[in-house]
Structure formats: structure tokens, C-alpha cells
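Below: upload_16.cif (mmCIF, C-alpha atoms)
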data_final
#
loop_
_atom_site.label_atom_id
_atom_site.label_comp_id
_atom_site.auth_asym_id
_atom_site.auth_seq_id
_atom_site.Cartn_x
_atom_site.Cartn_y
_atom_site.Cartn_z
CA MET A 391 4.43 19.58 -48.62
CA THR A 392 0.99 17.97 -48.51
CA LEU A 393 -0.67 17.54 -45.15
CA HIS A 394 -3.64 15.27 -44.56
CA ILE A 395 -6.54 15.81 -42.23
CA ALA A 396 -6.88 13.40 -39.28
CA GLU A 397 -8.33 13.31 -35.79
CA LYS A 398 -6.60 13.12 -32.44
CA VAL A 399 -8.34 11.68 -29.39
CA VAL A 400 -6.85 12.84 -26.10
CA ILE A 401 -7.61 10.99 -22.85
CA VAL A 402 -6.30 12.27 -19.52
CA THR A 403 -6.87 9.66 -16.83
CA GLU A 404 -5.39 7.55 -14.03
CA LYS A 405 -2.30 5.49 -14.71
CA ILE A 406 -3.86 2.48 -13.00
CA ILE A 407 -6.32 1.93 -15.88
CA ALA A 408 -3.80 2.61 -18.68
CA LYS A 409 -3.66 -1.07 -19.67
CA GLY A 410 -7.42 -1.32 -20.01
CA VAL A 411 -7.68 1.92 -22.00
CA CYS A 412 -4.93 0.79 -24.38
CA LYS A 413 -6.76 -2.49 -24.90
CA ILE A 414 -9.90 -0.58 -25.91
CA ILE A 415 -7.82 1.55 -28.31
CA ASP A 416 -6.38 -1.57 -29.94
CA GLU A 417 -9.79 -3.21 -30.19
CA CYS A 418 -11.22 -0.16 -31.94
CA GLY A 419 -8.57 -0.60 -34.61
CA ALA A 420 -6.21 2.32 -33.96
CA THR A 421 -2.65 1.67 -35.08
CA GLY A 422 -0.91 3.26 -32.11
CA TYR A 423 -0.94 5.73 -29.26
CA THR A 424 1.38 7.95 -27.20
CA ILE A 425 1.38 7.99 -23.39
CA ILE A 426 2.69 11.04 -21.51
CA PRO A 427 2.88 11.53 -17.72
CA ALA A 428 0.39 14.19 -16.68
CA GLY A 429 -0.41 16.34 -13.68
CA GLY A 430 -2.72 19.21 -12.83
CA LYS A 431 -5.98 20.06 -11.18
CA GLY A 432 -9.36 18.46 -11.75
CA SER A 433 -12.65 17.79 -10.06
CA ARG A 434 -11.23 14.96 -7.95
CA ASN A 435 -7.94 16.38 -6.79
CA ILE A 436 -4.68 18.08 -7.60
CA ARG A 437 -2.25 15.58 -9.06
CA SER A 438 1.42 16.22 -9.03
CA THR A 439 3.73 15.19 -11.81
CA THR A 440 6.44 12.70 -11.06
CA ASP A 441 9.00 14.91 -9.32
CA ARG A 442 7.72 14.23 -5.82
CA ALA A 443 7.89 10.78 -4.30
CA SER A 444 4.32 9.56 -4.54
CA VAL A 445 3.73 6.71 -2.17
CA VAL A 446 1.13 5.34 -4.52
CA ASP A 447 2.55 5.72 -8.00
CA ASP A 448 -0.36 4.02 -9.75
CA PHE A 449 -2.58 6.96 -8.79
CA SER A 450 -0.60 9.43 -10.87
CA ASN A 451 -2.15 10.62 -14.10
CA ILE A 452 -1.30 10.06 -17.73
CA GLN A 453 -2.31 11.58 -21.03
CA ILE A 454 -2.94 9.19 -23.90
CA GLU A 455 -3.03 10.55 -27.47
CA ILE A 456 -4.40 8.51 -30.32
CA ILE A 457 -4.31 9.64 -33.95
CA VAL A 458 -7.02 8.11 -36.13
CA LYS A 459 -8.16 8.76 -39.65
CA ASN A 460 -11.90 8.94 -39.16
CA THR A 461 -14.33 10.37 -36.64
CA GLU A 462 -16.22 7.07 -36.21
CA MET A 463 -13.19 5.32 -34.76
CA ALA A 464 -12.38 8.32 -32.58
CA GLU A 465 -15.90 8.42 -31.17
CA ALA A 466 -15.95 4.67 -30.63
CA ILE A 467 -12.78 4.91 -28.51
CA MET A 468 -14.10 7.85 -26.49
CA ASP A 469 -17.46 6.22 -25.91
CA LYS A 470 -16.06 2.84 -24.82
CA VAL A 471 -13.56 4.41 -22.43
CA ARG A 472 -16.27 6.59 -20.90
CA ALA A 473 -18.71 3.71 -20.48
CA ARG A 474 -16.14 1.37 -18.97
CA TYR A 475 -14.17 3.67 -16.68
CA PHE A 476 -15.31 7.23 -16.13
CA LYS A 477 -17.97 6.41 -13.54
CA ASN A 478 -15.34 5.20 -11.07
CA TYR A 479 -12.07 6.68 -12.31
CA SER A 480 -11.20 10.28 -12.97
CA GLY A 481 -10.72 11.16 -16.59
CA ILE A 482 -11.48 13.59 -19.40
CA THR A 483 -11.43 13.01 -23.12
CA TYR A 484 -11.62 15.33 -26.10
CA LEU A 485 -11.15 15.32 -29.87
CA GLU A 486 -8.91 17.58 -31.95
CA ASP A 487 -8.64 18.14 -35.68
CA ILE A 488 -5.04 17.78 -36.75
CA LYS A 489 -2.96 17.52 -39.89
CA ILE A 490 -0.55 14.69 -40.45
CA LEU A 491 2.30 14.19 -42.88
CA ARG A 492 2.23 10.46 -43.58
CA PRO A 493 -1.38 9.16 -43.76
CA GLU A 494 -0.26 5.61 -44.53
CA LYS A 495 0.92 5.29 -40.91
CA PHE A 496 -2.58 5.57 -39.44
CA MET B 403 2.42 1.24 40.36
CA ASP B 404 6.08 0.40 39.74
CA PHE B 405 4.98 -1.50 36.70
CA LEU B 406 3.17 1.55 35.33
CA ILE B 407 6.10 3.91 35.94
CA ASP B 408 8.47 1.45 34.32
CA PHE B 409 6.07 1.09 31.40
CA LEU B 410 5.80 4.87 30.88
CA SER B 411 9.53 5.54 31.16
CA ARG B 412 10.26 2.85 28.58
CA LEU B 413 7.60 4.40 26.34
CA VAL B 414 9.24 7.83 26.58
CA SER B 415 12.64 6.44 25.64
CA GLN B 416 11.06 4.71 22.62
CA PHE B 417 9.78 8.06 21.43
CA GLN B 418 13.36 9.26 21.11
CA SER B 419 14.23 6.61 18.52
CA PRO B 420 15.71 8.03 15.30
CA THR B 421 13.11 6.25 13.16
CA LEU B 422 10.33 8.20 14.77
CA GLY B 423 12.37 11.41 14.68
CA PHE B 424 12.68 11.24 10.91
CA LEU B 425 8.96 10.57 10.53
CA ILE B 426 8.00 13.58 12.63
CA GLY B 427 10.73 15.65 10.94
CA GLY B 428 9.18 14.85 7.56
CA MET B 429 5.75 15.99 8.76
CA LEU B 430 7.21 19.17 10.22
CA ILE B 431 9.07 20.32 7.14
CA ALA B 432 6.04 19.53 4.98
CA ALA B 433 3.89 21.56 7.37
CA CYS B 434 6.38 24.45 7.11
CA GLY B 435 5.93 24.41 3.34
CA SER B 436 9.45 23.24 2.61
CA ARG B 437 10.28 22.67 -1.04
CA LEU B 438 12.39 19.64 -0.18
CA THR B 439 11.36 16.73 -2.39
CA ILE B 440 12.76 13.26 -2.61
CA PRO B 441 12.44 11.84 -6.11
CA ASP B 442 9.96 9.08 -6.71
CA ALA B 443 12.64 6.78 -8.14
CA ILE B 444 14.63 6.97 -4.91
CA TYR B 445 11.56 6.19 -2.86
CA LYS B 446 10.90 3.09 -4.94
CA PHE B 447 14.51 2.01 -4.78
CA ILE B 448 14.55 2.34 -0.99
CA VAL B 449 11.44 0.21 -0.61
CA PHE B 450 13.04 -2.39 -2.84
CA MET B 451 16.30 -2.32 -0.84
CA LEU B 452 14.57 -2.69 2.52
CA LEU B 453 12.47 -5.63 1.40
CA MET B 454 15.41 -7.34 -0.31
CA LYS B 455 17.39 -7.00 2.91
CA ILE B 456 14.55 -8.37 5.03
CA GLY B 457 13.94 -11.17 2.52
CA ILE B 458 17.57 -12.22 2.06
CA ASN B 459 18.15 -12.15 5.80
CA GLY B 460 15.06 -14.26 6.41
CA GLY B 461 15.97 -16.68 3.62
CA MET B 462 19.53 -17.16 4.89
CA GLU B 463 18.33 -18.04 8.36
CA ILE B 464 15.35 -20.14 7.31
CA ARG B 465 17.85 -22.69 5.94
CA ASP B 466 18.51 -23.99 9.44
CA ALA B 467 15.09 -23.25 10.92
CA ASN B 468 12.40 -25.71 11.86
CA LEU B 469 9.52 -24.60 9.67
CA VAL B 470 6.90 -26.62 11.54
CA GLU B 471 7.13 -23.91 14.21
CA MET B 472 5.89 -21.46 11.62
CA LEU B 473 2.54 -23.17 11.09
CA LEU B 474 0.64 -21.75 14.05
CA PRO B 475 1.94 -18.16 13.70
CA ALA B 476 1.12 -18.32 9.96
CA LEU B 477 -2.40 -19.46 10.79
CA PHE B 478 -2.73 -16.68 13.36
CA SER B 479 -1.50 -14.14 10.79
CA MET B 480 -4.26 -15.17 8.40
CA LEU B 481 -6.79 -15.12 11.22
CA THR B 482 -5.69 -11.61 12.26
CA GLY B 483 -5.99 -10.29 8.70
CA ILE B 484 -9.49 -11.76 8.39
CA VAL B 485 -10.65 -10.54 11.82
CA ILE B 486 -9.39 -6.98 11.11
CA VAL B 487 -11.31 -6.82 7.84
CA LEU B 488 -14.54 -8.22 9.32
CA LEU B 489 -14.27 -5.92 12.33
CA GLY B 490 -13.61 -2.89 10.11
CA ILE B 491 -16.54 -3.66 7.82
CA PHE B 492 -18.79 -4.10 10.83
CA VAL B 493 -17.64 -0.82 12.43
CA PHE B 494 -18.11 1.16 9.21
CA SER B 495 -21.56 -0.38 8.62
CA LEU B 496 -22.65 1.25 11.89
CA ILE B 497 -21.72 4.72 10.61
CA PRO B 498 -24.42 5.98 8.26
CA SER B 499 -22.31 8.79 6.77
CA VAL B 500 -19.76 6.32 5.37
CA LYS B 501 -20.42 4.81 1.95
CA ARG B 502 -20.35 1.02 2.25
CA GLU B 503 -17.76 0.46 -0.49
CA ASP B 504 -15.44 2.96 1.18
CA GLY B 505 -15.82 0.99 4.42
CA TYR B 506 -14.88 -2.28 2.72
CA ALA B 507 -11.82 -0.73 1.07
CA THR B 508 -10.62 0.98 4.26
CA ALA B 509 -11.03 -2.24 6.27
CA GLY B 510 -9.07 -4.13 3.60
CA LEU B 511 -6.25 -1.61 3.60
CA PHE B 512 -5.93 -1.74 7.39
CA GLY B 513 -5.96 -5.53 7.31
CA ALA B 514 -3.10 -5.53 4.80
CA VAL B 515 0.51 -4.98 5.88
CA SER B 516 2.88 -2.03 5.48
CA ALA B 517 6.44 -2.93 4.53
CA SER B 518 7.88 0.34 5.84
CA THR B 519 6.22 0.02 9.25
CA PHE B 520 7.43 -3.56 9.44
CA ALA B 521 11.02 -2.52 8.61
CA ALA B 522 10.86 0.20 11.28
CA ALA B 523 9.71 -2.38 13.84
CA MET B 524 12.62 -4.67 12.96
CA VAL B 525 15.11 -1.85 13.59
CA ALA B 526 13.40 -0.96 16.87
CA LEU B 527 13.62 -4.58 18.04
CA ASP B 528 17.26 -4.68 17.01
CA GLU B 529 18.00 -1.60 19.13
CA GLU B 530 16.39 -3.23 22.14
CA SER B 531 18.29 -6.50 21.39
CA ILE B 532 15.03 -8.45 21.25
CA SER B 533 15.45 -11.45 18.98
CA PHE B 534 12.82 -13.08 16.79
CA GLU B 535 12.60 -16.11 14.52
CA ALA B 536 14.15 -15.68 11.09
CA TRP B 537 10.96 -16.71 9.34
CA VAL B 538 8.81 -13.96 10.87
CA PRO B 539 9.07 -11.70 7.75
CA ALA B 540 7.62 -14.61 5.77
CA LEU B 541 4.38 -14.15 7.75
CA TYR B 542 3.77 -10.89 5.83
CA PRO B 543 1.88 -12.41 2.84
CA PHE B 544 -0.14 -14.67 5.15
CA MET B 545 -1.80 -11.59 6.64
CA ASP B 546 -1.67 -9.26 3.65
CA ILE B 547 -3.24 -11.38 0.92
CA PRO B 548 -6.23 -12.87 2.83
CA ALA B 549 -7.17 -9.38 4.07
CA LEU B 550 -7.16 -7.84 0.58
CA VAL B 551 -8.93 -10.83 -0.99
CA LEU B 552 -11.61 -10.91 1.71
CA ALA B 553 -12.31 -7.16 1.50
CA ILE B 554 -12.59 -7.23 -2.30
CA VAL B 555 -14.71 -10.40 -2.38
CA LEU B 556 -17.13 -9.08 0.26
CA ALA B 557 -17.36 -5.71 -1.50
CA SER B 558 -18.11 -7.44 -4.82
CA ILE B 559 -20.84 -9.54 -3.21
CA TYR B 560 -22.30 -6.38 -1.68
CA MET B 561 -22.20 -4.52 -5.01
CA LYS B 562 -23.80 -7.49 -6.80
CA LYS B 563 -26.67 -7.31 -4.33
CA GLN B 564 -27.03 -3.62 -5.12
CA ASN B 565 -27.04 -4.55 -8.83
CA GLN B 566 -24.44 -1.96 -9.61
CA ASP B 567 -22.08 -4.28 -11.41
CA GLU B 568 -23.60 -7.03 -13.50
CA GLN B 569 -20.58 -7.97 -15.56
CA ASN B 570 -18.16 -8.09 -12.67
CA ASP B 571 -17.31 -11.66 -11.68
CA ILE B 572 -15.05 -12.14 -8.69
CA ASP B 573 -11.71 -13.65 -9.61
CA VAL B 574 -9.92 -14.51 -6.36
CA TRP B 575 -6.81 -15.73 -8.14
CA ALA B 576 -6.52 -12.41 -9.98
CA ILE B 577 -6.44 -10.56 -6.62
CA VAL B 578 -3.83 -12.95 -5.20
CA LYS B 579 -1.74 -12.58 -8.36
CA ASP B 580 -2.03 -8.79 -8.23
CA SER B 581 -0.85 -8.77 -4.59
CA LEU B 582 2.08 -11.07 -5.31
CA GLN B 583 3.10 -8.96 -8.31
CA GLY B 584 3.09 -5.78 -6.22
CA SER B 585 6.51 -4.21 -5.76
CA ALA B 586 6.74 -4.93 -2.02
CA LEU B 587 5.84 -8.61 -2.02
CA SER B 588 7.84 -9.40 -5.19
CA ALA B 589 10.99 -7.96 -3.65
CA LEU B 590 10.40 -9.75 -0.34
CA LEU B 591 9.75 -13.13 -1.97
CA LEU B 592 12.70 -12.75 -4.34
CA GLY B 593 14.92 -11.90 -1.37
CA LEU B 594 13.66 -14.95 0.54
CA ALA B 595 14.38 -17.20 -2.43
CA LEU B 596 17.85 -15.72 -2.96
CA GLY B 597 18.68 -16.08 0.72
CA LEU B 598 17.43 -19.64 0.78
CA LEU B 599 18.85 -20.97 -2.48
CA THR B 600 22.05 -19.00 -3.05
CA ILE B 601 24.93 -18.02 -0.76
CA PRO B 602 24.47 -14.22 -0.70
CA ASP B 603 26.34 -13.67 2.58
CA ARG B 604 29.04 -11.40 1.16
CA VAL B 605 26.81 -9.09 -0.85
CA PHE B 606 24.39 -9.05 2.05
CA GLU B 607 26.99 -8.06 4.63
CA SER B 608 28.77 -5.51 2.45
CA PHE B 609 25.77 -3.89 0.77
CA TYR B 610 22.24 -4.62 2.00
CA GLU B 611 22.88 -4.79 5.74
CA PRO B 612 24.97 -1.55 6.13
CA LEU B 613 22.54 0.50 4.01
CA PHE B 614 19.38 -0.69 5.76
CA ARG B 615 19.19 1.82 8.61
CA GLY B 616 20.18 4.82 6.53
CA PHE B 617 17.63 4.04 3.85
CA LEU B 618 14.96 3.43 6.45
CA SER B 619 15.55 6.91 7.88
CA VAL B 620 15.04 8.48 4.42
CA LEU B 621 11.92 6.37 3.92
CA MET B 622 10.54 7.61 7.24
CA LEU B 623 11.15 11.19 6.10
CA ILE B 624 9.18 10.51 2.91
CA MET B 625 6.36 8.83 4.85
CA GLY B 626 6.17 11.86 7.13
CA MET B 627 6.00 14.28 4.21
CA GLU B 628 3.38 12.14 2.47
CA ALA B 629 1.32 11.87 5.67
CA TYR B 630 1.10 15.65 5.89
CA ALA B 631 0.28 16.00 2.17
CA ARG B 632 -2.60 13.54 2.47
CA ILE B 633 -4.24 15.19 5.47
CA ASN B 634 -6.01 17.60 3.11
CA GLU B 635 -7.63 14.69 1.32
CA LEU B 636 -8.74 13.18 4.59
CA ARG B 637 -10.41 16.45 5.59
CA ARG B 638 -12.77 16.15 2.65
CA VAL B 639 -14.23 12.82 3.73
CA ALA B 640 -16.11 11.83 6.88
CA HIS B 641 -14.18 12.43 10.09
CA TRP B 642 -14.92 8.89 11.20
CA TYR B 643 -12.05 7.74 8.99
CA ALA B 644 -9.60 9.66 11.14
CA VAL B 645 -11.08 8.15 14.32
CA TYR B 646 -10.93 4.64 12.86
CA ALA B 647 -7.39 5.19 11.58
CA PHE B 648 -6.27 6.29 15.03
CA VAL B 649 -7.97 3.63 17.16
CA GLY B 650 -7.83 0.78 14.62
CA PRO B 651 -4.05 0.14 14.60
CA ILE B 652 -3.93 -0.11 18.40
CA VAL B 653 -6.92 -2.48 18.59
CA HIS B 654 -5.67 -4.60 15.65
CA GLY B 655 -2.21 -4.81 17.18
CA LEU B 656 -3.63 -5.90 20.53
CA ILE B 657 -5.68 -8.66 18.86
CA ALA B 658 -2.52 -9.97 17.16
CA PHE B 659 -0.52 -9.56 20.36
CA GLY B 660 -3.08 -11.76 22.14
CA LEU B 661 -2.91 -14.43 19.42
CA GLY B 662 0.89 -14.19 19.42
CA TYR B 663 0.86 -14.73 23.18
CA ILE B 664 -1.16 -17.93 22.67
CA ALA B 665 1.43 -19.03 20.10
CA HIS B 666 4.15 -18.18 22.62
CA ILE B 667 2.61 -20.55 25.15
CA LEU B 668 1.77 -23.33 22.68
CA VAL B 669 4.78 -23.39 20.34
CA ASP B 670 7.23 -21.06 22.09
CA PHE B 671 6.85 -18.21 19.57
CA SER B 672 9.50 -15.63 20.55
CA PRO B 673 8.54 -12.30 22.22
CA GLY B 674 10.18 -10.44 19.30
CA GLY B 675 8.02 -12.44 16.92
CA VAL B 676 4.91 -11.54 18.91
CA VAL B 677 5.82 -7.84 18.65
CA LEU B 678 6.37 -8.10 14.88
CA LEU B 679 3.06 -9.93 14.45
CA ALA B 680 1.31 -7.17 16.42
CA VAL B 681 3.00 -4.43 14.35
CA MET B 682 2.03 -6.20 11.11
CA ALA B 683 -1.58 -6.19 12.30
CA ALA B 684 -1.35 -2.53 13.39
CA SER B 685 0.10 -1.41 10.07
CA SER B 686 -1.96 -0.54 7.02
CA SER B 687 -0.69 -1.17 3.52
CA ASP B 688 0.81 1.89 1.85
CA ILE B 689 2.53 0.54 -1.25
CA SER B 690 0.85 -2.47 -2.82
CA GLY B 691 -2.54 -2.46 -1.11
CA PRO B 692 -3.98 0.78 -2.54
CA PRO B 693 -3.63 -0.11 -6.26
CA THR B 694 -5.02 -3.60 -5.63
CA LEU B 695 -8.05 -2.15 -3.83
CA ARG B 696 -8.49 0.56 -6.46
CA SER B 697 -8.81 -2.12 -9.15
CA GLY B 698 -10.80 -4.49 -6.93
CA ILE B 699 -13.31 -1.98 -5.54
CA PRO B 700 -13.28 0.81 -8.16
CA SER B 701 -16.36 2.58 -6.82
CA ALA B 702 -14.72 3.22 -3.42
CA ASN B 703 -13.22 6.66 -2.97
CA PRO B 704 -9.41 6.37 -2.77
CA SER B 705 -9.13 9.66 -0.87
CA ALA B 706 -10.99 8.02 2.01
CA TYR B 707 -8.91 4.91 2.45
CA ILE B 708 -5.51 6.23 1.41
CA GLY B 709 -5.94 9.40 3.44
CA ALA B 710 -6.92 7.35 6.49
CA SER B 711 -4.01 4.96 6.08
CA THR B 712 -1.18 7.27 5.03
CA SER B 713 -1.93 10.36 7.08
CA VAL B 714 -3.17 8.76 10.32
CA GLY B 715 -2.87 4.96 10.31
CA THR B 716 0.82 4.66 9.41
CA PRO B 717 2.07 7.41 11.76
CA VAL B 718 0.04 5.87 14.60
CA ALA B 719 1.41 2.40 13.82
CA ILE B 720 5.01 3.67 13.80
CA ALA B 721 4.87 6.29 16.53
CA ILE B 722 2.52 4.64 19.02
CA CYS B 723 2.14 0.95 18.23
CA ILE B 724 5.82 -0.03 17.82
CA PRO B 725 6.93 1.43 21.17
CA LEU B 726 3.71 0.26 22.84
CA PHE B 727 4.09 -3.37 21.80
CA ILE B 728 7.81 -3.48 22.56
CA VAL B 729 7.18 -2.16 26.04
CA LEU B 730 4.22 -4.48 26.45
CA ALA B 731 6.39 -7.43 25.45
CA GLN B 732 9.08 -6.38 27.90
CA ALA B 733 6.46 -6.18 30.62
CA VAL B 734 4.65 -9.43 29.78
CA PHE B 735 7.45 -11.82 28.84
#
Same coordinates, now as C-alpha cells:
Amino acid sequence: MTLHIAEKVVIVTEKIIAKGVCKIIDECGATGYTIIPAGGKGSRNIRSTTDRASVVDDFSNIQIEIIVKNTEMAEAIMDKVRARYFKNYSGITYLEDIKILRPEKF
Amino acid sequence: MDFLIDFLSRLVSQFQSPTLGFLIGGMLIAACGSRLTIPDAIYKFIVFMLLMKIGINGGMEIRDANLVEMLLPALFSMLTGIVIVLLGIFVFSLIPSVKREDGYATAGLFGAVSASTFAAAMVALDEESISFEAWVPALYPFMDIPALVLAIVLASIYMKKQNQDEQNDIDVWAIVKDSLQGSALSALLLGLALGLLTIPDRVFESFYEPLFRGFLSVLMLIMGMEAYARINELRRVAHWYAVYAFVGPIVHGLIAFGLGYIAHILVDFSPGGVVLLAVMAASSSDISGPPTLRSGIPSANPSAYIGASTSVGTPVAIAICIPLFIVLAQAVF
């Protein structure tokens, strides 16, 4: 089996800005992304996952994963999201080297 | 003196209402570290059910109502929302330790309306057999939307002056749309339309009406638990928020009660309607307001305004303002 090298951008941020972040991802030319509910502890607060009734659901957190083929696109996504949102919204973003099976998908 | 004793004894009996009991019970078990959780999906479903019930009921009765009577109370609702926001912004501008954007957002949230507080007030009025016009729930958006729009517009103008946001143009319609698309107002408006245009009497009587009180009690439990959970957040911001959140609902409610009284004299607005108007003014939005403000004033700290509203403002509105205004109405009218 041949695996191909790719990059994965991970963004953990507030659900309320998910739409805007996904728009940036699309504009940068990525072919897709995965959104996962997230919870944990960060500089702004402890966020629960979805088991407890949260009166304000839009303030829960999500993790968005984007697989891209080159570092330029990955950095463009990270930079645009940081510039647009991370001053006012909580969020972290990091890059991982990964191996993928079907490069034609990305 | 008799008046005062009567007033106080009525107040005490209001404190024994089941609605309030569930709210305090929720706070207590959260304070005791209970692991009891009520799933998020159930919370959302309950909010939807309550607003559908209120909406359908209102819609069914509006069919035979004279809507011209609604004009003055609707105008007063808008006026109350606007006055609360302006007053709040003014009060917070006097406190140097409060960031201005946080003041705008908190004032906006307290000007907006809480669906759960409103539902609790309707049950309380029902228990006292105080009637009100069927269209009173339809006043909700008249207070809610102007308050949120005004707070966000004023905050944007302020931030423009500070040159923090150059690219941010104010889009009033976007704020109105966002409010209308919120889960609370969508359900209420859909219910109103269904009640008005269809004949939902059977499904209403067999499903929505019997479940209303039970669901409200669970909602109060959740609100109590959430209030306790948010107190920690409130502790991290200036203590003035707690003071504002305690005094604000009572003052806001009294302003609306005064306006409602004028409407009572001019257009014969019912005492029950005056109480509901006052409770709407006393309440602070807990479902649809926070996300709208978060998008509209992103630089404001959500811990400040949500902590103030959920952990102090809403309990005060339910526990103090509802009984206070009912008793006041019984004394005045």
C-alpha cells in the first residue's frame, strides 16, 4: 500500500463562527473539512461537551480538520482565520504532517 | 399599613409557587455538586414546546381580537426596550472598571426578552386567575428586536470612533434577521401563524396545553442549574455586573409597569397584560440574545453579559419580579 504525504490543519474554536471559518476554508481552495464537537479547558474558560444542557448552545466549541496537499494552502487558511477571528473569539490552530491513501481526493 | 401587610403576605405566598421551587431546587442541587444533567436536546425541545404553546394559543385567540388595541402596548414595548438599553449604557459608562463594549452588550441583553421568564409569568398569572389579552405574547419581538438592534448599532458606532473596526459596516437588517431566525422567536412566530391560520384546537388541547406546566418545571430546573454554573464566570468580571443584574430587572420592570398603567388608562390594557409587559422588561434574553450579541459585538466579553443575565438577572426576574408585579397589580388595579 502506498501512502502519500499531506498536511492537516486543525482549528479548535467557537461554534458560533463555524460558518465563517468554513467559508475561509472554501475560499482557500480546500476540497473539504470535518467538524467535530469539542470540549476542554483553555485560556478563556472550561467548555463542556454536549452532554449537559447548555443554555447558549452557540458558545460550545468545535474542532475543524482540513486535509490539504501543500503547506501554502494550510498556512493561508491558518493565517486568514487568525486575522479574522482570533482577536475576539477563542481558538487555537495547528498543523500536522499526515499520510493519506487517496491523494486524488484532496 | 393594612396595604403593606396585605402586600407582604401575598408576596410570601407567591414565593411558594412551584415554578420558583424548581428554579431554586436546580440551584441547590448544582451547588451540592449533583451529577444530575438534563440533555441539551431536551432543553431545546422544551423551549420549542413552550413557545409553540404560547404562540398557538395567542394565534387562536387573536382571530377574534381587535388588533387596534395592540398598537399602544406595542409602541410601549419598543419604547421600554429602547429606554432599558440607553439607561444601561449610561449606567455602565459611569463605571470606569467596565469596558465600554461589555456595557453595550449587557444593556442589550437586559433589554431583550427571555422566553422562559415570560412562560413562567404566564403560569403565575394563570394560577392567580388574572386574565390578559391574547395578543400579549406577540409584544415579545417588539421589545426584543429594537433592544438588540440598538445595542449593536450603538456599540458599532462607538467602536468606529475608536477605529478598532474599519471594515465593519452596520447592517441593521442582518441583526433583525438574526433575531427572527433565533430558535425562540421562530417557534413563537410559527405558533402564532399556525394558531391564526389553521384550526389547531385539538392538537393544542391534547398535546401542547397539558404538557406546558410540566415542561416549564423542567426548564426552571435547568435554568437554576445553569445559573449556579455561571456564577463562577461572573466572579471573574467586575462586581458591578452583579449589582446591575440585581437592580436592573426591578427598575426595568417598574418602567414598563408605569407605561402599561398609562396604556391601561388610555386603551384599557388589562392588568394581566401590564404584568406581562413588566416581566418582559424585567427579563433578560437567555436563548437567542447571546449569540446575536456575540456576533454583533464580538469584542465584548461574553462571560460578563451572559454571567450577569443567567446567574443573577433571570433568577431575580423569576423569583422577585414576577411575584412583585403580580402583587403590585393586585394592589393597584
Subject >> Residues matched by the PyMOL selection byres ((chain B) within 10 of (chain A)) as a VMD selection string >> reply: chain B and resid 438 to 446 624 to 625 627 to 629 635 688 to 694 696 to 697 699 to 705 708 712
**OP:** Kindly resolve the PyMOL selection byres ((chain A and resi 484) around 7) on the present coordinates and return the residues as a PyMOL selection string.
**Re:** chain A and resi 399-401+482-483+485-486
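For His394 in chain A, the non-local neighbours within 9 Å, defined as residues at least 4 positions apart in the same chain or in other chains and counting all atoms listed in the file, are Ile488, Lys489, Ile490, Leu491, Arg492 and Pro493 of chain A.
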**OP:** Could you give me, as a ChimeraX atom specification, the residues within 9 Å of Pro543 in chain B, counting all atoms listed in the file and dropping anything in the same chain fewer than 4 positions from it?
**Re:** /B:479-480,514-515,539,547-548,581-582,587
**OP:** Find the residue from A:Gly422, A:Gly410, A:Pro427, A:Gly432 that sits nearest to Lys459 in chain A; use only C-alpha atoms when measuring.
**Re:**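 Of all the options, A:Gly422 lies closest to Lys459 in chain A.
Note that CA of Leu678 in chain B and CA of Ile664 in chain B are 14.6 Å apart.
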Original post:
Taking the file as shown, what set of residues would the PyMOL selection byres ((chain B and resi 456) around 9) give back, as number ranges by chain?
Top reply: B: 451-455, 457-461, 521, 524, 539, 590, 593-594
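What separates CA of Ala523 in chain B from CA of Gly709 in chain B is a distance of 22.2 Å.
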**OP:** Compile the contact shell of Thr461 in chain A as a list in words: residues with an atom at most 10 Å away, counting all atoms listed in the file, same-chain residues fewer than 4 positions apart removed.
**Re:** Ala396, Glu397, Lys398, Val399, Glu465, Ala466, Ile467, Leu485 and Asp487 of chain A
**OP:** Provide the CA of Phe520 in chain B to CA of Cys723 in chain B distance in Å, to one decimal place.
**Re:** 11.2 Å
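Near Glu535 in chain B, within 9 Å and counting only C-alpha atoms, sit Gly460, Glu463, Ile464, Ala467, Ser533, Trp537, Val538, Pro539, Phe671, Ser672, Gly674 and Gly675 of chain B; same-chain residues fewer than 2 positions away were not included.
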Centre and size of axis-aligned box enclosing range 404-419 of chain A plus 3 Å each side, as JSON:
{"center_x": -6.8, "center_y": 2.2, "center_z": -23.8, "size_x": 14.9, "size_y": 16.8, "size_z": 27.6}
**OP:** Choose the residue, out of A:Ile452, A:Met463, A:Ala428, A:Ala420, that has the smallest atom-to-atom separation from Lys405 in chain A; count all atoms listed in the file.
**Re:** A:Ile452
Subject >> Who sits within 7 Å of range 499-508 of chain B, only C-alpha atoms, same chain under 3 positions skipped, as a PyMOL selection string >> reply: chain B and resi 491+494-495+511-512+553+557+640+695+699+701-703+706-707
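Checking B:Ser436, B:Ser619, B:Ser588, B:Ser531 one by one against Ile448 in chain B, counting only C-alpha atoms, you find the shortest gap at B:Ser619.
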Original post:
When distances are computed from all atoms listed in the file, which of B:Val669, B:Val714, B:Ile728, B:Ala576 shows the smallest separation from Asp528 in chain B?
Top reply: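 Closest to Asp528 in chain B, using all atoms listed in the file: B:Ile728.
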Original post:
Nearest to Cys418 in chain A: which of A:Asp469, A:Thr403, A:Thr392, A:Ser480 is it, counting all atoms listed in the file?
Top reply: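 Of the candidates, the smallest distance to Cys418 in chain A is held by A:Asp469.
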**OP:** List every protein, DNA or RNA residue with an atom no more than 9 Å from (4.4, -21.5, 12.2) in the file's coordinates, counting all atoms listed in the file, and format the result as a list in words.
**Re:**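 Final list of nearby residues, as requested, is Leu469, Val470, Glu471, Met472, Leu473, Leu474, Pro475, Ala476, Leu477, Phe478, Trp537, Val538, Leu541, Ala665, Val669 and Phe671 of chain B.
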